[in-house]
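Participant: The following file, target_25.txt, comprises compact mmCIF, C-alpha atoms:
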# COMPACT_ATOMS: atom_id res chain seq x y z
CA MET A 245 189.60 -27.39 183.87
CA LYS A 246 187.92 -30.75 184.10
CA LEU A 247 184.52 -30.64 182.40
CA CYS A 248 181.40 -32.32 183.70
CA HIS A 249 181.01 -35.92 182.69
CA GLU A 250 177.89 -35.47 180.61
CA ASN A 251 179.66 -32.87 178.45
CA ARG A 252 182.28 -35.44 177.50
CA ILE A 253 179.87 -38.06 176.15
CA ARG A 254 180.24 -38.66 172.42
CA GLN A 255 177.03 -38.66 170.44
CA GLN A 256 175.96 -42.18 169.50
CA PRO A 257 174.12 -42.98 166.26
CA SER A 258 170.64 -44.28 166.78
CA SER A 259 167.95 -45.84 164.66
CA CYS A 260 165.00 -44.29 166.46
CA GLN A 261 163.91 -42.25 169.41
CA GLY A 262 160.72 -42.67 171.36
CA ASN A 263 158.98 -43.51 174.56
CA LEU A 264 158.75 -47.10 175.78
CA ASP A 265 156.65 -48.00 178.81
CA GLY A 266 156.87 -44.44 180.11
CA TYR A 267 160.64 -43.84 179.98
CA PHE A 268 162.69 -42.12 177.30
CA VAL A 269 164.60 -44.40 174.99
CA ASN A 270 167.36 -43.63 172.49
CA VAL A 271 167.71 -46.91 170.62
CA ARG A 272 170.34 -48.36 168.34
CA ILE A 273 169.81 -51.92 167.15
CA THR A 274 172.65 -54.19 166.04
CA ILE A 275 172.79 -57.88 165.15
CA LYS A 276 175.61 -59.88 166.73
CA ARG A 277 175.92 -63.56 165.84
CA GLY A 278 172.26 -63.71 164.95
CA VAL A 279 171.05 -62.10 168.22
CA LYS A 280 169.58 -58.60 168.15
CA MET A 281 171.12 -56.18 170.66
CA GLU A 282 169.34 -52.95 171.57
CA PHE A 283 171.58 -50.12 172.75
CA TYR A 284 169.44 -47.53 174.51
CA THR A 285 169.15 -45.22 177.50
CA VAL A 286 166.60 -45.14 180.29
CA ASN A 287 165.87 -42.43 182.81
CA ILE A 288 166.27 -43.65 186.39
CA ASN A 289 165.42 -41.11 189.09
CA GLY A 290 166.23 -38.26 186.70
CA ASN A 291 169.54 -39.75 185.52
CA THR A 292 170.38 -41.32 182.16
CA ILE A 293 171.59 -44.92 182.27
CA GLN A 294 173.02 -46.55 179.14
CA LEU A 295 172.11 -50.19 178.50
CA ALA A 296 173.09 -52.93 176.06
CA ASP A 297 170.12 -55.31 176.00
CA TYR A 298 170.25 -58.78 174.39
CA PRO A 299 167.07 -60.90 174.20
CA GLY A 300 166.67 -64.34 175.78
CA LYS A 301 164.00 -66.65 177.19
CA LYS A 302 165.26 -68.22 180.42
CA GLY A 303 165.27 -65.13 182.63
CA THR A 304 167.12 -61.82 182.84
CA ILE A 305 170.78 -61.40 183.75
CA ILE A 306 171.80 -57.88 184.77
CA ALA A 307 175.56 -57.46 184.31
CA ILE A 308 177.34 -54.83 186.41
CA HIS A 309 180.92 -53.89 185.54
CA GLY A 310 183.86 -52.85 187.70
CA LEU A 311 185.30 -49.59 189.00
CA THR A 312 186.55 -47.94 185.80
CA GLY A 313 184.72 -50.15 183.31
CA THR A 314 181.63 -49.91 181.13
CA HIS A 315 179.09 -52.38 179.80
CA LYS A 316 181.72 -53.47 177.27
CA ASN A 317 183.73 -55.14 180.04
CA MET A 318 180.98 -57.77 180.17
CA HIS A 319 181.30 -58.59 176.46
CA TYR A 320 182.40 -62.22 176.75
CA TYR A 321 179.68 -63.07 179.26
CA ALA A 322 177.08 -61.42 177.01
CA GLU A 323 178.33 -63.48 174.10
CA LYS A 324 178.05 -66.66 176.15
CA PHE A 325 174.59 -66.21 177.69
CA LYS A 326 172.64 -64.00 175.25
CA GLY A 327 169.91 -65.79 173.40
CA ASP A 328 169.39 -68.24 176.24
CA TYR A 329 169.01 -65.47 178.83
CA ARG A 330 168.01 -61.88 178.37
CA PHE A 331 171.32 -60.16 179.11
CA ILE A 332 171.36 -56.49 180.11
CA ALA A 333 174.76 -54.84 180.60
CA VAL A 334 174.83 -51.34 182.08
CA ASP A 335 177.08 -48.33 182.08
CA LEU A 336 177.09 -47.31 185.72
CA ARG A 337 176.77 -43.58 186.27
CA GLY A 338 180.04 -41.76 185.78
CA ARG A 339 181.09 -44.23 183.07
CA GLY A 340 180.53 -44.66 179.37
CA ASN A 341 177.41 -42.90 178.11
CA SER A 342 175.55 -42.72 181.42
CA ALA A 343 175.06 -39.52 183.42
CA GLU A 344 177.58 -38.29 185.96
CA THR A 345 177.45 -39.68 189.50
CA ASP A 346 176.19 -37.79 192.52
CA ALA A 347 178.86 -35.77 194.33
CA ASP A 348 178.62 -38.23 197.23
CA THR A 349 178.80 -41.27 194.98
CA SER A 350 179.27 -44.78 196.38
CA ILE A 351 178.52 -48.41 195.70
CA PHE A 352 175.32 -47.90 197.67
CA LYS A 353 174.20 -45.09 195.33
CA HIS A 354 174.91 -47.32 192.34
CA ALA A 355 172.86 -50.09 193.97
CA GLU A 356 169.92 -47.69 194.15
CA ASP A 357 170.29 -47.07 190.41
CA ILE A 358 170.19 -50.82 189.71
CA LEU A 359 167.13 -51.23 191.93
CA GLY A 360 165.47 -48.37 190.05
CA LEU A 361 166.41 -49.95 186.73
CA ILE A 362 164.89 -53.29 187.72
CA LYS A 363 161.69 -51.54 188.74
CA GLU A 364 161.54 -49.36 185.63
CA LEU A 365 162.05 -52.28 183.24
CA LYS A 366 159.62 -54.41 185.25
CA ILE A 367 162.08 -57.29 185.59
CA ASP A 368 160.84 -60.17 187.72
CA SER A 369 163.37 -62.34 189.59
CA PRO A 370 166.58 -60.86 188.13
CA ILE A 371 169.87 -62.74 188.07
CA LEU A 372 172.68 -60.38 189.10
CA LEU A 373 176.13 -60.79 187.58
CA GLY A 374 178.62 -58.42 189.18
CA TYR A 375 182.32 -58.07 188.46
CA SER A 376 184.69 -56.41 190.96
CA MET A 377 182.88 -53.25 192.11
CA GLY A 378 179.83 -54.62 190.33
CA ALA A 379 179.92 -57.62 192.67
CA PHE A 380 179.72 -55.31 195.70
CA ILE A 381 176.76 -53.57 194.06
CA ALA A 382 175.06 -56.86 193.17
CA ALA A 383 175.31 -58.06 196.76
CA ILE A 384 173.77 -54.83 198.06
CA VAL A 385 170.92 -55.06 195.54
CA ALA A 386 170.22 -58.71 196.43
CA SER A 387 170.17 -57.85 200.13
CA LYS A 388 167.35 -55.37 199.44
CA LEU A 389 165.46 -57.13 196.63
CA LYS A 390 164.03 -60.42 197.87
CA SER A 391 162.83 -61.37 194.38
CA THR A 392 166.43 -61.74 193.20
CA LYS A 393 166.74 -65.21 191.66
CA ALA A 394 170.51 -65.67 191.94
CA VAL A 395 173.75 -63.72 192.28
CA ILE A 396 177.10 -64.32 190.58
CA LEU A 397 180.05 -62.53 192.18
CA LEU A 398 183.09 -62.27 189.92
CA ASP A 399 185.94 -61.51 192.32
CA GLY A 400 184.20 -58.87 194.42
CA ALA A 401 182.08 -58.28 197.54
CA ALA A 402 185.02 -59.09 199.81
CA LYS A 403 186.33 -57.36 202.92
CA ALA A 404 188.47 -54.56 201.51
CA SER A 405 191.89 -53.65 202.91
CA ASP A 406 194.94 -51.53 202.15
CA HIS A 407 196.12 -54.35 199.88
CA GLN A 408 193.58 -53.28 197.24
CA LYS A 409 194.60 -49.62 197.59
CA ASP A 410 198.20 -50.48 196.74
CA ILE A 411 197.10 -52.11 193.48
CA VAL A 412 194.20 -49.92 192.35
CA GLN A 413 194.98 -46.32 193.31
CA PRO A 414 198.19 -45.87 191.26
CA SER A 415 196.25 -46.66 188.08
CA LEU A 416 193.53 -44.05 188.57
CA GLY A 417 195.66 -41.05 187.65
CA ARG A 418 195.08 -41.84 183.97
CA LEU A 419 191.49 -40.65 184.37
CA SER A 420 192.61 -37.00 184.67
CA ARG A 421 195.26 -37.07 181.95
CA GLU A 422 194.87 -35.28 178.65
CA PHE A 423 195.78 -37.10 175.42
CA THR A 424 196.54 -35.72 171.97
CA SER A 425 194.30 -38.21 170.18
CA GLU A 426 192.17 -41.29 170.65
CA GLU A 427 195.10 -43.35 169.37
CA HIS A 428 197.37 -41.79 172.00
CA TYR A 429 194.95 -42.78 174.76
CA VAL A 430 194.57 -46.31 173.43
CA SER A 431 198.33 -46.82 173.12
CA GLU A 432 198.91 -45.70 176.73
CA ILE A 433 196.16 -47.98 178.05
CA GLN A 434 197.54 -50.85 176.00
CA LYS A 435 200.87 -50.48 177.84
CA ILE A 436 199.09 -50.59 181.21
CA TYR A 437 197.04 -53.66 180.35
CA THR A 438 200.05 -55.49 178.93
CA ASN A 439 201.81 -55.00 182.27
CA LEU A 440 198.75 -56.50 183.97
CA GLY A 441 199.11 -59.70 181.98
CA ILE A 442 196.30 -58.95 179.53
CA GLU A 443 196.65 -59.91 175.88
CA TRP A 444 195.56 -57.09 173.57
CA ASN A 445 192.92 -57.86 170.94
CA ASP A 446 190.16 -56.20 168.90
CA VAL A 447 187.59 -56.61 171.69
CA LEU A 448 189.82 -54.79 174.16
CA GLN A 449 190.60 -52.12 171.55
CA ASN A 450 186.87 -51.47 171.12
CA THR A 451 186.35 -51.42 174.88
CA VAL A 452 189.06 -48.82 175.44
CA GLU A 453 187.93 -46.62 172.53
CA TYR A 454 184.45 -46.45 174.06
CA GLU A 455 185.71 -45.01 177.36
CA VAL A 456 187.45 -41.95 175.88
CA ALA A 457 186.05 -38.78 174.29
CA LEU A 458 187.17 -35.58 172.59
CA VAL A 459 187.05 -32.52 174.88
CA GLY A 460 188.02 -29.28 173.18
CA ASP A 461 191.48 -29.81 171.73
CA HIS A 462 192.34 -33.03 173.57
CA TRP A 463 191.02 -36.48 174.48
CA GLU A 464 190.31 -37.79 177.96
CA ASN A 465 188.54 -40.58 179.78
CA LYS A 466 184.81 -39.98 180.18
CA SER A 467 185.03 -40.57 183.94
CA THR A 468 185.97 -38.03 186.61
CA GLU A 469 188.86 -39.20 188.77
CA VAL A 470 187.60 -37.77 192.08
CA ARG A 471 184.24 -39.53 191.64
CA ILE A 472 185.89 -42.86 190.77
CA VAL A 473 188.11 -42.54 193.84
CA ALA A 474 185.02 -41.91 195.97
CA ASP A 475 183.40 -45.07 194.60
CA PHE A 476 186.56 -47.03 195.38
CA GLU A 477 186.74 -45.67 198.92
CA SER A 478 183.16 -46.83 199.49
CA PHE A 479 184.40 -50.44 199.16
CA PHE A 480 185.72 -50.00 202.70
CA THR A 481 182.24 -49.28 204.06
CA PHE A 482 180.93 -52.60 202.72
CA ASP A 483 180.17 -54.94 205.62
CA PRO A 484 180.02 -58.49 204.18
CA GLU A 485 178.46 -59.95 207.31
CA GLN A 486 175.67 -57.39 207.48
CA ILE A 487 174.84 -57.39 203.77
CA CYS A 488 175.35 -61.03 202.83
CA SER A 489 173.33 -62.29 205.77
CA GLN A 490 170.32 -60.53 204.22
CA ILE A 491 170.62 -62.31 200.86
CA ASP A 492 168.15 -65.18 200.52
CA CYS A 493 168.97 -66.39 197.00
CA PRO A 494 171.90 -68.67 196.06
CA ILE A 495 175.27 -67.07 195.28
CA LEU A 496 178.13 -68.21 193.09
CA LEU A 497 181.47 -66.69 194.08
CA VAL A 498 184.18 -66.92 191.42
CA TYR A 499 187.60 -66.16 192.86
CA ALA A 500 190.50 -65.06 190.60
CA GLU A 501 193.69 -66.45 192.10
CA GLY A 502 196.14 -65.38 189.39
CA ASN A 503 198.80 -62.75 189.89
CA ILE A 504 198.23 -59.40 188.17
CA GLY A 505 201.42 -59.16 186.17
CA ALA A 506 204.13 -58.75 188.83
CA MET A 507 201.53 -58.01 191.51
CA PRO A 508 199.59 -60.47 193.69
CA PRO A 509 195.83 -61.13 193.27
CA LEU A 510 193.58 -58.15 194.00
CA PHE A 511 191.81 -60.11 196.73
CA TYR A 512 193.03 -63.07 198.73
CA LEU A 513 190.66 -65.95 199.33
CA THR A 514 190.74 -65.12 203.04
CA ASP A 515 189.20 -61.72 202.21
CA TYR A 516 186.00 -63.62 201.44
CA GLU A 517 185.68 -65.38 204.78
CA GLN A 518 182.90 -63.11 206.07
CA THR A 519 181.13 -63.17 202.71
CA ARG A 520 181.12 -66.95 202.62
CA GLN A 521 180.28 -67.48 206.27
CA SER A 522 177.39 -64.99 206.26
CA THR A 523 175.64 -66.18 203.10
CA LYS A 524 172.85 -68.75 203.41
CA THR A 525 173.61 -70.56 200.14
CA ILE A 526 176.94 -70.02 198.43
CA GLU A 527 179.18 -71.99 196.10
CA THR A 528 182.80 -70.93 195.68
CA VAL A 529 184.93 -71.80 192.66
CA ILE A 530 188.50 -70.78 191.90
CA SER A 531 189.83 -69.71 188.51
CA ASP A 532 193.51 -69.39 187.63
CA CYS A 533 192.79 -66.13 185.79
CA ASN A 534 193.71 -62.81 187.34
CA HIS A 535 191.27 -60.07 188.31
CA TYR A 536 191.46 -58.42 184.88
CA THR A 537 191.73 -61.40 182.54
CA MET A 538 188.50 -62.53 184.23
CA VAL A 539 186.67 -60.10 181.93
CA PHE A 540 189.20 -59.31 179.20
CA GLU A 541 189.51 -62.92 178.08
CA ASN A 542 186.90 -65.47 177.06
CA ARG A 543 187.11 -67.66 180.17
CA GLU A 544 185.59 -71.02 179.30
CA ASP A 545 186.17 -72.29 182.84
CA ILE A 546 184.13 -69.45 184.34
CA ASN A 547 181.45 -69.79 181.67
CA GLY A 548 181.13 -73.42 182.69
CA TYR A 549 180.91 -72.60 186.41
CA ILE A 550 178.16 -70.06 185.74
CA GLU A 551 176.27 -72.36 183.41
CA ASP A 552 176.30 -75.21 185.95
CA PHE A 553 175.17 -72.83 188.70
CA LEU A 554 172.29 -71.48 186.61
CA ASN A 555 171.23 -74.98 185.59
CA LYS A 556 171.13 -76.00 189.23
CA TYR A 557 169.48 -73.01 190.86
CA VAL A 558 167.59 -71.20 188.10
CA GLU A 559 166.48 -73.62 185.41
CA GLY A 560 165.96 -76.42 187.90
CA ASN A 561 163.53 -74.30 189.92
CA GLU A 562 161.37 -73.05 187.07
For this file, produce the structure as structure tokens.

Facilitator:
Amino acid sequence: MKLCHENRIRQQPSSCQGNLDGYFVNVRITIKRGVKMEFYTVNINGNTIQLADYPGKKGTIIAIHGLTGTHKNMHYYAEKFKGDYRFIAVDLRGRGNSAETDADTSIFKHAEDILGLIKELKIDSPILLGYSMGAFIAAIVASKLKSTKAVILLDGAAKASDHQKDIVQPSLGRLSREFTSEEHYVSEIQKIYTNLGIEWNDVLQNTVEYEVALVGDHWENKSTEVRIVADFESFFTFDPEQICSQIDCPILLVYAEGNIGAMPPLFYLTDYEQTRQSTKTIETVISDCNHYTMVFENREDINGYIEDFLNKYVEGNE
């Protein structure tokens, strides 16, 4: 029997526990390349949300990962922008160390969590960085939160079609599989990622180890397949024209044109026509990466696109 998500979360070591600005915090502090990172949880509307929070001075970037990811998927972007910007990467509910999703989970429910997080942490003028599903969520948040400073969409917030189903759905069965050990899980995921054109490294190893937990006598992914499928199906209720027309801040759309192994790109550029036509201020750039190497590689081209965009629309307006 599949156990509830919160019962599959591994206990994380922490340096202290306490109450910060009225919400419960379970904090672990690490130093990465001279920048302190705080790894803690906050309670949003009665649900635990795990955060990795790097300090910075130029504003706050909230990084939102993709469908089956965790905050660790945003590692390379955190490494690039931490120190300059406060960089907060989240585990969406149903992933990593965050609480389980609602039964009727969707990208819209996740957007409410991000809005609650922004309010709870008292973040003024957030910069939203969303990858894949996170881009859909970022667009929804920006459409509701007029104080949003800027939005960066990493290959998401498009008009979904059966094309995405053909690529994504076959890979979701792994979420319900049982594995004999953590090493067994990692080795199976390594095979999948290699077929997607992703080069395995220590960062990816760490990312994959974080998403699996011991349950009784076996190991399994911390996510629940039926809930992840429900989140994916909610992509098809996203109306780019309706949502993007309500976004007032500038948007950077980064499109991944590379093939995914033997498969075509997850989205075609034409899938973004409504997104681009409905947005008041949008810049579109194209990367030769694929949808997955966009986050599993250190993409200097994308880092440069984001940096130029922030210099133009964020730093230039302060």

Participant: For a test of reading the model, state the distance in Å between CA of Ala500 in chain A and CA of Val473 in chain A, rounded to one decimal.

Facilitator: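 Calculated distance between CA of Ala500 in chain A and CA of Val473 in chain A is 22.9 Å.
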
Participant: For Tyr437 in chain A, list every protein, DNA or RNA residue within 10 Å, evaluated using all atoms listed in the file, and leave out those in the same chain fewer than 2 positions away; present the list as an NGL selection string.

Facilitator: :A and (432-435 or 439-444 or 448 or 504-505 or 536-537 or 540)

Participant: Given all atoms listed in the file as the basis, pick out the residue of A:Ile550, A:Ile351, A:Ala322, A:Leu397 nearest to Tyr499 in chain A.

Facilitator: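 Smallest separation from Tyr499 in chain A among the options: A:Leu397.
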
Participant: At a cut-off of 10 Å, using all atoms listed in the file, what residues contact Asp492 in chain A? Leave out same-chain residues fewer than 2 positions from it and give the result as a PyMOL selection string.

Facilitator: chain A and resi 386-394+488-490+494-495+523-525

Participant: Between A:Asp348, A:Glu551, A:Asp357, A:Glu517, single out the one closest to Gln294 in chain A, counting only C-alpha atoms.

Facilitator: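 Closest candidate: A:Asp357.
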
Participant: Between A:His462, A:Val498, A:Tyr329, A:Asn503, which one has atoms that come closest to Arg543 in chain A, using all atoms listed in the file?

Facilitator: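 Looking only at the distances to Arg543 in chain A, the closest residue turns out to be A:Val498.
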
Participant: What is the CA of Ala333 in chain A-CA of Lys280 in chain A distance in Å, reported with one decimal?

Facilitator: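 These two atoms are separated by 14.0 Å.
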
Participant: Excluding Phe553 in chain A and its own-chain neighbours fewer than 6 positions away, which residues fall within 9 Å of it when counting all atoms listed in the file? Please give them as a PyMOL selection string.

Facilitator: chain A and resi 396+495-496+527

Participant: Can you list, as a list in words, every protein, DNA or RNA residue that comes within 9 Å of Asp297 in chain A when you count all atoms listed in the file, leaving out same-chain residues fewer than 2 positions away?

Facilitator: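 Counting all atoms listed in the file, the residues come to Lys280, Met281, Glu282, Phe283, Tyr284, Leu295, Pro299, Arg330, Phe331, Ile332, Ala333 and Val334 of chain A.
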
Participant: Kindly give the distance, in Å, that separates CA of Glu323 in chain A and CA of Lys353 in chain A, rounded to a single decimal.

Facilitator: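 Going from CA of Glu323 in chain A over to CA of Lys353 in chain A, I get 28.4 Å.
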
Participant: In terms of the shortest atom-to-atom distance over only C-alpha atoms, which of A:Ala379, A:Ile371, A:Ile306, A:Ile358 is closest to Phe482 in chain A?

Facilitator: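 Checking each candidate against Phe482 in chain A, we get A:Ala379 as the closest.
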
Participant: Neighbours of Val456 in chain A within 6 Å (only C-alpha atoms; same-chain residues fewer than 4 positions away dropped), as a list of chain:residue names?

Facilitator: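 Skipping anything fewer than 4 positions along the chain leaves A:Glu464, A:Asn465, A:Lys466.
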
Participant: Which of these residues is nearest to Leu365 in chain A, using all atoms listed in the file: A:Arg337, A:Thr285, A:Phe352, A:Ile411?

Facilitator: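 Result for the nearest residue to Leu365 in chain A: A:Thr285.
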